[in-house]
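Asks: To be precise about what I am sending: the file is called query_3.cif and holds mmCIF, C-alpha atoms.
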```cif
data_query
loop_
_atom_site.group_PDB
_atom_site.id
_atom_site.type_symbol
_atom_site.label_atom_id
_atom_site.label_comp_id
_atom_site.auth_asym_id
_atom_site.auth_seq_id
_atom_site.Cartn_x
_atom_site.Cartn_y
_atom_site.Cartn_z
ATOM 1 C CA MET A 1 40.903 -28.041 54.884
ATOM 2 C CA LYS A 2 43.546 -25.353 55.263
ATOM 3 C CA TYR A 3 42.821 -21.799 56.384
ATOM 4 C CA CYS A 4 44.434 -18.419 55.697
ATOM 5 C CA PHE A 5 44.431 -15.006 57.298
ATOM 6 C CA GLY A 6 43.982 -11.848 55.235
ATOM 7 C CA VAL A 7 45.235 -8.670 56.876
ATOM 8 C CA ASP A 8 44.640 -5.223 55.356
ATOM 9 C CA ILE A 9 46.582 -2.639 57.377
ATOM 10 C CA GLY A 10 45.217 0.885 57.085
ATOM 11 C CA GLY A 11 46.186 4.099 58.793
ATOM 12 C CA THR A 12 43.232 3.932 61.222
ATOM 13 C CA THR A 13 42.209 0.285 61.434
ATOM 14 C CA VAL A 14 43.515 -3.139 60.481
ATOM 15 C CA LYS A 15 40.878 -5.230 58.692
ATOM 16 C CA MET A 16 41.375 -8.927 59.314
ATOM 17 C CA GLY A 17 39.698 -12.048 57.990
ATOM 18 C CA LEU A 18 39.875 -15.804 58.432
ATOM 19 C CA PHE A 19 39.344 -17.581 55.107
ATOM 20 C CA ALA A 20 39.070 -21.138 53.865
ATOM 21 C CA GLU A 21 41.383 -21.939 50.943
ATOM 22 C CA ASN A 22 38.489 -21.758 48.475
ATOM 23 C CA GLY A 23 37.890 -18.092 49.315
ATOM 24 C CA ASP A 24 34.985 -18.521 51.754
ATOM 25 C CA ILE A 25 35.309 -15.991 54.551
ATOM 26 C CA ARG A 26 34.693 -17.565 57.959
ATOM 27 C CA ASP A 27 35.224 -14.571 60.230
ATOM 28 C CA LYS A 28 36.233 -10.934 59.943
ATOM 29 C CA TRP A 29 37.025 -8.230 62.447
ATOM 30 C CA GLU A 30 39.063 -5.056 62.950
ATOM 31 C CA ILE A 31 41.674 -3.797 65.378
ATOM 32 C CA VAL A 32 43.009 -0.280 65.887
ATOM 33 C CA THR A 33 46.176 0.671 64.012
ATOM 34 C CA LYS A 34 48.572 2.082 66.598
ATOM 35 C CA THR A 35 50.799 4.377 64.558
ATOM 36 C CA GLU A 36 52.542 6.091 67.461
ATOM 37 C CA ASP A 37 56.214 5.374 68.181
ATOM 38 C CA GLU A 38 56.858 4.658 64.475
ATOM 39 C CA GLY A 39 54.104 2.036 64.423
ATOM 40 C CA LYS A 40 56.153 -0.521 66.330
ATOM 41 C CA ALA A 41 53.034 -2.095 67.907
ATOM 42 C CA ILE A 42 51.234 -2.777 64.613
ATOM 43 C CA LEU A 43 52.672 -6.175 63.723
ATOM 44 C CA PRO A 44 52.737 -7.461 67.339
ATOM 45 C CA ASP A 45 49.049 -6.466 67.602
ATOM 46 C CA VAL A 46 48.298 -8.307 64.336
ATOM 47 C CA ALA A 47 50.111 -11.394 65.619
ATOM 48 C CA ALA A 48 48.193 -11.287 68.906
ATOM 49 C CA ALA A 49 44.858 -10.908 67.100
ATOM 50 C CA ILE A 50 45.633 -13.881 64.868
ATOM 51 C CA SER A 51 46.630 -15.990 67.858
ATOM 52 C CA GLY A 52 43.398 -15.105 69.643
ATOM 53 C CA LYS A 53 41.270 -15.947 66.593
ATOM 54 C CA MET A 54 43.047 -19.283 66.136
ATOM 55 C CA GLU A 55 42.249 -20.164 69.737
ATOM 56 C CA GLU A 56 38.635 -19.105 69.268
ATOM 57 C CA HIS A 57 38.255 -21.331 66.191
ATOM 58 C CA HIS A 58 40.323 -24.195 67.647
ATOM 59 C CA LEU A 59 42.966 -23.970 64.936
ATOM 60 C CA THR A 60 46.646 -24.909 65.135
ATOM 61 C CA LYS A 61 49.549 -23.636 63.051
ATOM 62 C CA GLU A 62 49.317 -26.820 60.994
ATOM 63 C CA ASP A 63 45.810 -25.724 59.932
ATOM 64 C CA ILE A 64 47.053 -22.378 58.590
ATOM 65 C CA LYS A 65 48.498 -22.018 55.099
ATOM 66 C CA GLY A 66 49.758 -18.528 55.801
ATOM 67 C CA ILE A 67 49.089 -14.851 56.488
ATOM 68 C CA GLY A 68 48.696 -12.402 53.607
ATOM 69 C CA VAL A 69 49.179 -8.731 54.432
ATOM 70 C CA GLY A 70 48.506 -5.504 52.521
ATOM 71 C CA VAL A 71 50.061 -2.187 53.543
ATOM 72 C CA PRO A 72 49.699 1.391 52.240
ATOM 73 C CA ALA A 73 53.223 1.590 50.855
ATOM 74 C CA PRO A 74 55.490 0.102 48.202
ATOM 75 C CA VAL A 75 56.675 -3.366 49.237
ATOM 76 C CA THR A 76 59.626 -5.292 47.801
ATOM 77 C CA ALA A 77 59.472 -8.950 46.798
ATOM 78 C CA GLU A 78 61.311 -9.730 50.052
ATOM 79 C CA GLY A 79 58.566 -8.127 52.120
ATOM 80 C CA VAL A 80 60.515 -5.000 53.001
ATOM 81 C CA VAL A 81 58.609 -1.743 53.475
ATOM 82 C CA ASN A 82 60.921 1.195 52.968
ATOM 83 C CA GLY A 83 58.758 3.797 54.659
ATOM 84 C CA SER A 84 55.005 4.242 55.140
ATOM 85 C CA ALA A 85 53.874 7.664 56.322
ATOM 86 C CA ASN A 86 50.371 6.385 57.139
ATOM 87 C CA LEU A 87 51.739 3.733 59.500
ATOM 88 C CA GLY A 88 54.704 5.610 60.938
ATOM 89 C CA TRP A 89 57.063 2.972 59.560
ATOM 90 C CA LYS A 90 60.475 3.818 58.192
ATOM 91 C CA TYR A 91 62.579 0.884 56.985
ATOM 92 C CA LYS A 92 60.883 -2.322 58.125
ATOM 93 C CA GLU A 93 61.536 -5.956 57.292
ATOM 94 C CA ALA A 94 57.831 -6.607 57.726
ATOM 95 C CA LYS A 95 57.632 -10.164 56.379
ATOM 96 C CA LYS A 96 60.533 -11.345 58.541
ATOM 97 C CA GLU A 97 59.110 -9.671 61.656
ATOM 98 C CA LEU A 98 55.616 -11.114 61.314
ATOM 99 C CA GLU A 99 56.909 -14.608 60.534
ATOM 100 C CA GLU A 100 59.062 -14.452 63.666
ATOM 101 C CA LEU A 101 56.111 -13.252 65.742
ATOM 102 C CA THR A 102 53.696 -15.925 64.508
ATOM 103 C CA GLY A 103 55.838 -18.844 63.423
ATOM 104 C CA MET A 104 53.821 -18.953 60.177
ATOM 105 C CA LYS A 105 54.434 -18.036 56.540
ATOM 106 C CA ALA A 106 53.607 -14.431 55.645
ATOM 107 C CA THR A 107 53.419 -12.487 52.390
ATOM 108 C CA PHE A 108 53.294 -8.703 52.074
ATOM 109 C CA GLY A 109 52.077 -6.484 49.255
ATOM 110 C CA ASN A 110 50.930 -2.970 48.488
ATOM 111 C CA ASP A 111 47.301 -2.489 49.555
ATOM 112 C CA ALA A 112 46.051 -1.393 46.118
ATOM 113 C CA ASN A 113 47.846 -4.296 44.424
ATOM 114 C CA VAL A 114 46.319 -6.874 46.734
ATOM 115 C CA ALA A 115 42.904 -5.243 46.322
ATOM 116 C CA ALA A 116 43.295 -5.726 42.561
ATOM 117 C CA LEU A 117 44.178 -9.363 43.155
ATOM 118 C CA GLY A 118 41.123 -9.744 45.384
ATOM 119 C CA GLU A 119 38.795 -8.300 42.761
ATOM 120 C CA MET A 120 40.333 -10.594 40.153
ATOM 121 C CA TRP A 121 39.828 -13.642 42.382
ATOM 122 C CA GLN A 122 36.380 -13.116 43.883
ATOM 123 C CA GLY A 123 35.114 -9.725 42.697
ATOM 124 C CA ALA A 124 34.370 -7.709 39.571
ATOM 125 C CA GLY A 125 37.385 -9.168 37.766
ATOM 126 C CA LYS A 126 36.471 -12.802 38.396
ATOM 127 C CA GLY A 127 37.101 -14.857 35.297
ATOM 128 C CA TYR A 128 39.886 -12.570 34.056
ATOM 129 C CA GLN A 129 43.654 -12.910 34.445
ATOM 130 C CA ASP A 130 44.712 -9.398 33.394
ATOM 131 C CA VAL A 131 43.126 -6.729 35.568
ATOM 132 C CA LEU A 132 43.876 -3.059 36.177
ATOM 133 C CA MET A 133 42.283 -1.690 39.325
ATOM 134 C CA VAL A 134 42.044 1.943 40.359
ATOM 135 C CA THR A 135 40.954 2.963 43.838
ATOM 136 C CA LEU A 136 39.550 6.475 44.135
ATOM 137 C CA GLY A 137 39.563 7.523 47.769
ATOM 138 C CA THR A 138 41.370 10.201 49.726
ATOM 139 C CA GLY A 139 44.197 9.407 47.328
ATOM 140 C CA VAL A 140 44.401 7.357 44.149
ATOM 141 C CA GLY A 141 45.765 3.832 44.308
ATOM 142 C CA GLY A 142 46.368 1.421 41.497
ATOM 143 C CA GLY A 143 46.970 -2.277 41.159
ATOM 144 C CA CYS A 144 47.987 -4.291 38.136
ATOM 145 C CA VAL A 145 47.499 -8.053 37.807
ATOM 146 C CA LEU A 146 48.850 -9.780 34.684
ATOM 147 C CA ASN A 147 48.553 -13.512 34.069
ATOM 148 C CA GLY A 148 47.018 -13.764 37.529
ATOM 149 C CA GLN A 149 50.080 -12.284 39.236
ATOM 150 C CA ILE A 150 50.603 -8.870 40.833
ATOM 151 C CA VAL A 151 53.040 -6.643 38.968
ATOM 152 C CA SER A 152 54.825 -4.883 41.814
ATOM 153 C CA GLY A 153 58.018 -3.776 40.046
ATOM 154 C CA ILE A 154 61.590 -3.734 41.300
ATOM 155 C CA HIS A 155 60.863 -0.953 43.834
ATOM 156 C CA GLY A 156 57.405 -2.198 44.804
ATOM 157 C CA ALA A 157 55.874 0.830 43.078
ATOM 158 C CA GLY A 158 54.145 -0.965 40.200
ATOM 159 C CA GLY A 159 50.580 0.223 39.684
ATOM 160 C CA GLU A 160 51.057 3.578 41.441
ATOM 161 C CA ILE A 161 49.074 5.399 38.772
ATOM 162 C CA GLY A 162 47.960 8.043 41.265
ATOM 163 C CA HIS A 163 51.369 9.602 40.854
ATOM 164 C CA MET A 164 51.420 9.768 37.081
ATOM 165 C CA PRO A 165 52.168 13.386 36.099
ATOM 166 C CA VAL A 166 49.166 14.781 34.212
ATOM 167 C CA LYS A 167 49.639 18.552 34.454
ATOM 168 C CA ASP A 168 52.821 20.579 34.090
ATOM 169 C CA ASP A 169 51.859 23.894 35.651
ATOM 170 C CA GLU A 170 50.322 22.753 38.961
ATOM 171 C CA PRO A 171 51.687 25.082 41.698
ATOM 172 C CA ILE A 172 50.483 22.943 44.623
ATOM 173 C CA ALA A 173 52.580 19.942 45.620
ATOM 174 C CA CYS A 174 51.128 16.438 45.796
ATOM 175 C CA ASN A 175 51.590 14.374 48.965
ATOM 176 C CA CYS A 176 54.505 12.695 47.161
ATOM 177 C CA ASP A 177 56.149 16.166 46.762
ATOM 178 C CA ASN A 178 55.816 16.145 42.978
ATOM 179 C CA HIS A 179 53.428 18.490 41.179
ATOM 180 C CA GLY A 180 50.500 17.741 38.885
ATOM 181 C CA CYS A 181 49.922 14.099 39.864
ATOM 182 C CA LEU A 182 46.722 12.319 38.820
ATOM 183 C CA GLU A 183 45.778 12.006 42.496
ATOM 184 C CA GLN A 184 45.512 15.786 42.778
ATOM 185 C CA TYR A 185 42.577 15.851 40.350
ATOM 186 C CA VAL A 186 40.604 12.610 40.502
ATOM 187 C CA SER A 187 40.800 11.531 44.146
ATOM 188 C CA ALA A 188 37.909 12.461 46.443
ATOM 189 C CA THR A 189 40.050 15.315 47.746
ATOM 190 C CA GLY A 190 41.062 16.336 44.244
ATOM 191 C CA ILE A 191 37.481 16.458 42.967
ATOM 192 C CA VAL A 192 36.483 18.745 45.827
ATOM 193 C CA THR A 193 39.524 20.949 45.175
ATOM 194 C CA GLN A 194 38.576 21.294 41.497
ATOM 195 C CA ALA A 195 34.981 22.142 42.428
ATOM 196 C CA LYS A 196 36.049 24.852 44.865
ATOM 197 C CA LYS A 197 38.433 26.321 42.309
ATOM 198 C CA THR A 198 35.684 26.440 39.695
ATOM 199 C CA LEU A 199 33.199 28.034 42.102
ATOM 200 C CA ALA A 200 35.744 30.724 42.980
ATOM 201 C CA GLN A 201 36.311 31.585 39.314
ATOM 202 C CA ASP A 202 32.766 31.177 37.973
ATOM 203 C CA THR A 203 29.873 33.499 38.829
ATOM 204 C CA ARG A 204 27.084 31.167 37.707
ATOM 205 C CA ASN A 205 24.530 29.967 40.238
ATOM 206 C CA SER A 206 25.202 26.500 41.532
ATOM 207 C CA SER A 207 23.611 24.258 44.153
ATOM 208 C CA LEU A 208 27.157 23.508 45.285
ATOM 209 C CA ARG A 209 27.190 26.978 46.850
ATOM 210 C CA ASN A 210 24.441 25.830 49.239
ATOM 211 C CA TYR A 211 26.862 23.616 51.128
ATOM 212 C CA ALA A 212 28.230 25.394 54.182
ATOM 213 C CA SER A 213 31.378 23.346 53.770
ATOM 214 C CA LEU A 214 31.870 21.498 50.501
ATOM 215 C CA GLU A 215 34.084 18.615 51.614
ATOM 216 C CA GLU A 216 32.792 15.438 49.956
ATOM 217 C CA ALA A 217 33.035 14.225 46.377
ATOM 218 C CA LYS A 218 29.611 12.653 46.939
ATOM 219 C CA ASN A 219 28.069 16.134 47.112
ATOM 220 C CA ILE A 220 29.413 16.957 43.678
ATOM 221 C CA TYR A 221 28.172 13.727 42.117
ATOM 222 C CA ASP A 222 24.770 14.153 43.798
ATOM 223 C CA GLU A 223 24.380 17.660 42.366
ATOM 224 C CA THR A 224 25.496 16.427 38.961
ATOM 225 C CA LYS A 225 22.644 13.903 39.055
ATOM 226 C CA ASN A 226 20.347 16.807 40.021
ATOM 227 C CA GLY A 227 21.375 18.722 36.893
ATOM 228 C CA ASP A 228 23.772 21.317 38.316
ATOM 229 C CA GLU A 229 25.931 22.727 35.493
ATOM 230 C CA ILE A 230 29.096 23.433 37.459
ATOM 231 C CA ALA A 231 28.993 20.075 39.243
ATOM 232 C CA ASN A 232 28.501 18.405 35.869
ATOM 233 C CA GLU A 233 31.511 20.204 34.396
ATOM 234 C CA VAL A 234 33.715 19.235 37.349
ATOM 235 C CA VAL A 235 32.714 15.579 37.034
ATOM 236 C CA ASN A 236 33.377 15.697 33.291
ATOM 237 C CA LEU A 237 36.800 17.243 33.861
ATOM 238 C CA THR A 238 37.902 14.700 36.446
ATOM 239 C CA CYS A 239 36.539 11.738 34.464
ATOM 240 C CA LYS A 240 38.299 13.025 31.350
ATOM 241 C CA ILE A 241 41.641 13.325 33.156
ATOM 242 C CA LEU A 242 41.294 9.826 34.595
ATOM 243 C CA ALA A 243 40.198 8.328 31.256
ATOM 244 C CA LYS A 244 43.205 9.806 29.477
ATOM 245 C CA SER A 245 45.535 8.373 32.118
ATOM 246 C CA LEU A 246 43.891 4.954 31.857
ATOM 247 C CA ALA A 247 44.291 5.045 28.080
ATOM 248 C CA GLN A 248 48.011 5.662 28.525
ATOM 249 C CA VAL A 249 48.355 2.788 30.988
ATOM 250 C CA CYS A 250 46.481 0.464 28.643
ATOM 251 C CA CYS A 251 49.024 1.157 25.923
ATOM 252 C CA VAL A 252 51.588 -0.461 28.220
ATOM 253 C CA ILE A 253 49.750 -3.353 29.899
ATOM 254 C CA ASP A 254 46.583 -3.883 27.767
ATOM 255 C CA PRO A 255 44.367 -5.368 30.523
ATOM 256 C CA GLU A 256 41.224 -7.396 29.901
ATOM 257 C CA ILE A 257 39.189 -5.245 32.298
ATOM 258 C CA ILE A 258 39.502 -2.078 34.378
ATOM 259 C CA VAL A 259 37.946 -2.114 37.842
ATOM 260 C CA ILE A 260 37.131 1.142 39.679
ATOM 261 C CA GLY A 261 36.928 0.980 43.477
ATOM 262 C CA GLY A 262 37.302 3.241 46.507
ATOM 263 C CA GLY A 263 34.840 5.642 48.090
ATOM 264 C CA VAL A 264 34.317 7.709 44.932
ATOM 265 C CA SER A 265 33.132 4.586 43.093
ATOM 266 C CA LYS A 266 29.919 4.748 45.134
ATOM 267 C CA ALA A 267 28.836 7.405 42.613
ATOM 268 C CA GLY A 268 27.975 4.384 40.464
ATOM 269 C CA ASP A 269 27.205 4.255 36.762
ATOM 270 C CA ILE A 270 27.541 8.005 36.266
ATOM 271 C CA LEU A 271 31.245 7.561 37.024
ATOM 272 C CA THR A 272 31.980 4.492 34.900
ATOM 273 C CA SER A 273 29.848 5.612 31.961
ATOM 274 C CA ARG A 274 31.638 8.949 31.691
ATOM 275 C CA ILE A 275 35.076 7.434 32.119
ATOM 276 C CA SER A 276 34.210 4.912 29.411
ATOM 277 C CA THR A 277 33.030 7.628 27.025
ATOM 278 C CA PHE A 278 36.217 9.661 27.377
ATOM 279 C CA PHE A 279 38.367 6.525 27.397
ATOM 280 C CA LYS A 280 37.134 5.616 23.906
ATOM 281 C CA GLU A 281 38.281 9.033 22.688
ATOM 282 C CA TYR A 282 41.823 8.600 23.987
ATOM 283 C CA ALA A 283 42.519 4.867 23.855
ATOM 284 C CA PHE A 284 44.572 3.118 21.208
ATOM 285 C CA HIS A 285 42.048 1.449 18.902
ATOM 286 C CA ALA A 286 42.972 -2.074 20.039
ATOM 287 C CA CYS A 287 42.125 -1.161 23.660
ATOM 288 C CA GLU A 288 39.148 1.157 23.208
ATOM 289 C CA ASN A 289 36.509 -1.422 24.146
ATOM 290 C CA THR A 290 38.180 -2.502 27.386
ATOM 291 C CA PRO A 291 35.310 -2.803 29.909
ATOM 292 C CA ILE A 292 35.387 -0.356 32.825
ATOM 293 C CA VAL A 293 33.362 -1.647 35.775
ATOM 294 C CA LEU A 294 32.721 -0.970 39.443
ATOM 295 C CA ALA A 295 34.479 -3.049 42.107
ATOM 296 C CA LYS A 296 32.314 -5.532 44.022
ATOM 297 C CA LEU A 297 34.213 -6.439 47.184
ATOM 298 C CA GLU A 298 34.357 -2.897 48.620
ATOM 299 C CA ASN A 299 36.403 -2.788 51.832
ATOM 300 C CA ASP A 300 37.018 -6.544 51.801
ATOM 301 C CA ALA A 301 38.961 -6.569 48.510
ATOM 302 C CA GLY A 302 42.306 -6.158 50.234
ATOM 303 C CA MET A 303 41.714 -9.093 52.572
ATOM 304 C CA TYR A 304 40.698 -11.350 49.700
ATOM 305 C CA GLY A 305 43.763 -10.341 47.730
ATOM 306 C CA CYS A 306 46.043 -10.925 50.702
ATOM 307 C CA VAL A 307 44.742 -14.474 50.936
ATOM 308 C CA LYS A 308 45.074 -15.061 47.184
ATOM 309 C CA SER A 309 48.698 -13.886 47.343
ATOM 310 C CA LEU A 310 49.506 -16.966 49.436
ATOM 311 C CA PHE A 311 48.798 -19.343 46.539
#
```
Mind turning this structure into structure tokens?

Replies:
Amino acid sequence: MKYCFGVDIGGTTVKMGLFAENGDIRDKWEIVTKTEDEGKAILPDVAAAISGKMEEHHLTKEDIKGIGVGVPAPVTAEGVVNGSANLGWKYKEAKKELEELTGMKATFGNDANVAALGEMWQGAGKGYQDVLMVTLGTGVGGGCVLNGQIVSGIHGAGGEIGHMPVKDDEPIACNCDNHGCLEQYVSATGIVTQAKKTLAQDTRNSSLRNYASLEEAKNIYDETKNGDEIANEVVNLTCKILAKSLAQVCCVIDPEIIVIGGGVSKAGDILTSRISTFFKEYAFHACENTPIVLAKLENDAGMYGCVKSLF
């Protein structure tokens, strides 16, 4: 029996797991992501944590198939990360560095891409080979898996649907410095921004005005379920924008299934049902019945995908 490590590096914590080759998770834990000093301690800390866990489980390097790693940045096929603001990295030959630190094989991929691979392998996309995943969190991530393989693109930016331009006249810049990106409207932050804008322009009563500080997308979905008109309109608007973008992507890659993950996905069926309704309006007829489902692996999807990337 061979074992693998899945490592999902986030801006605050690094989620780590020890897996058997068949996908069974044997142990999981977290360490702090030290982003100071351009994040130079991150990979040495990961290597040290892996070494400690191998000792704890009485494993040798011969028992380990490899280390799969996801990072919040585009990654080239050679495992080079050319800048990650969340980690403090600039140009980093991440694969080479971790392999030198551990003496074991390592693979690197974009965090949303490996999450898509994880959902395809052991989550909501199990049984499919062509999966589009969208993660709705503070930002919007995307991952595309075709024929069971991640589509990362020549620059490592494949699947970055959060930065599709969807509005021409947006005066506020996105985090990527462009204007009118999908992320600005359908991320958790974007949904709240749209709600606040609507409340400022609309004089109707709304339960959303009862929040001293409206900061969570959950509040808007909760009030939609309670029948609030403005909350309902905001949810419809954001779901419509996302559905139209998904319809455009499907014209290019035609996936078997679309998986929605991230914190916003906790809204549940109200999210997927509305996206599906609008999607049917916009989609090319051959794609209009593509199932849109909620992710199953939650925060572990990235680790699972990191492990799957080793095969």

Asks: At a cut-off of 12 Å, can you tabulate as JSON lines every residue of segment 3-85 of chain A near segment 120-127 of chain A together with its closest atom pair and the distance in Å to one decimal, using all atoms listed in the file and ordering rows by chain then number?

Replies:
```
{"residue": "A:Asn22", "atom": "CA", "partner": "A:Gln122", "partner_atom": "CA", "distance": 10.0}
{"residue": "A:Gly23", "atom": "CA", "partner": "A:Gln122", "partner_atom": "CA", "distance": 7.5}
{"residue": "A:Asp24", "atom": "CA", "partner": "A:Gln122", "partner_atom": "CA", "distance": 9.6}
{"residue": "A:Ile25", "atom": "CA", "partner": "A:Gln122", "partner_atom": "CA", "distance": 11.1}
```

Asks: Could you state the separation of atom CA of Val186 of chain A and atom CA of Ser245 of chain A in Å, given to one decimal place?

Replies: 10.6 Å

Asks: Determine, using all atoms listed in the file, which residues of segment 29-74 of chain A have any atom at most 7 Å from an atom of segment 303-307 of chain A, and tabulate each with its shortest atom pair and distance in Å to one decimal place, rows ordered by chain and then rising number, as CSV.

Replies:
```
residue,atom,partner,partner_atom,distance
A:Gly68,CA,A:Cys306,CA,4.2
A:Val69,CA,A:Cys306,CA,5.3
A:Gly70,CA,A:Cys306,CA,6.2
```

Asks: Please write the residues picked by the PyMOL selection byres ((chain A and resi 54-63) around 10) on this file as a ChimeraX atom specification.

Replies: /A:1-5,18,26-27,48-53,64-66,102-105

Asks: Please enumerate the residues selected by the PyMOL selection byres ((chain A and resi 30-32) around 6) when evaluated against the supplied file, formatted as a list in words.

Replies: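 So the PyMOL selection byres ((chain A and resi 30-32) around 6) ends up selecting Thr13, Val14, Lys15, Met16, Trp29 and Thr33 of chain A.
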
Asks: Per residue of segment 127-203 of chain A within 7 Å of segment 249-257 of chain A, which atom pair is closest and at what distance in Å (one decimal), using only C-alpha atoms, listed by chain and increasing number, as a tab-separated table?

Replies:
```
residue	atom	partner	partner_atom	distance
A:Tyr128	CA	A:Glu256	CA	6.8
A:Asp130	CA	A:Pro255	CA	5.0
A:Val131	CA	A:Ile257	CA	5.3
A:Leu132	CA	A:Pro255	CA	6.1
```

Asks: Report the residues retrieved by the PyMOL selection byres ((chain A and resi 146) around 8) from the displayed file, expressed as a short mmCIF file (atom, residue, chain, number, x, y, z; two decimals) with C-alpha atoms, keeping the file's coordinate frame.

Replies:
```
data_model
loop_
_atom_site.label_atom_id
_atom_site.label_comp_id
_atom_site.auth_asym_id
_atom_site.auth_seq_id
_atom_site.Cartn_x
_atom_site.Cartn_y
_atom_site.Cartn_z
CA GLN A 129 43.65 -12.91 34.44
CA ASP A 130 44.71 -9.40 33.39
CA VAL A 131 43.13 -6.73 35.57
CA CYS A 144 47.99 -4.29 38.14
CA VAL A 145 47.50 -8.05 37.81
CA ASN A 147 48.55 -13.51 34.07
CA GLY A 148 47.02 -13.76 37.53
CA GLN A 149 50.08 -12.28 39.24
CA ILE A 150 50.60 -8.87 40.83
CA VAL A 151 53.04 -6.64 38.97
CA PRO A 255 44.37 -5.37 30.52
#
```
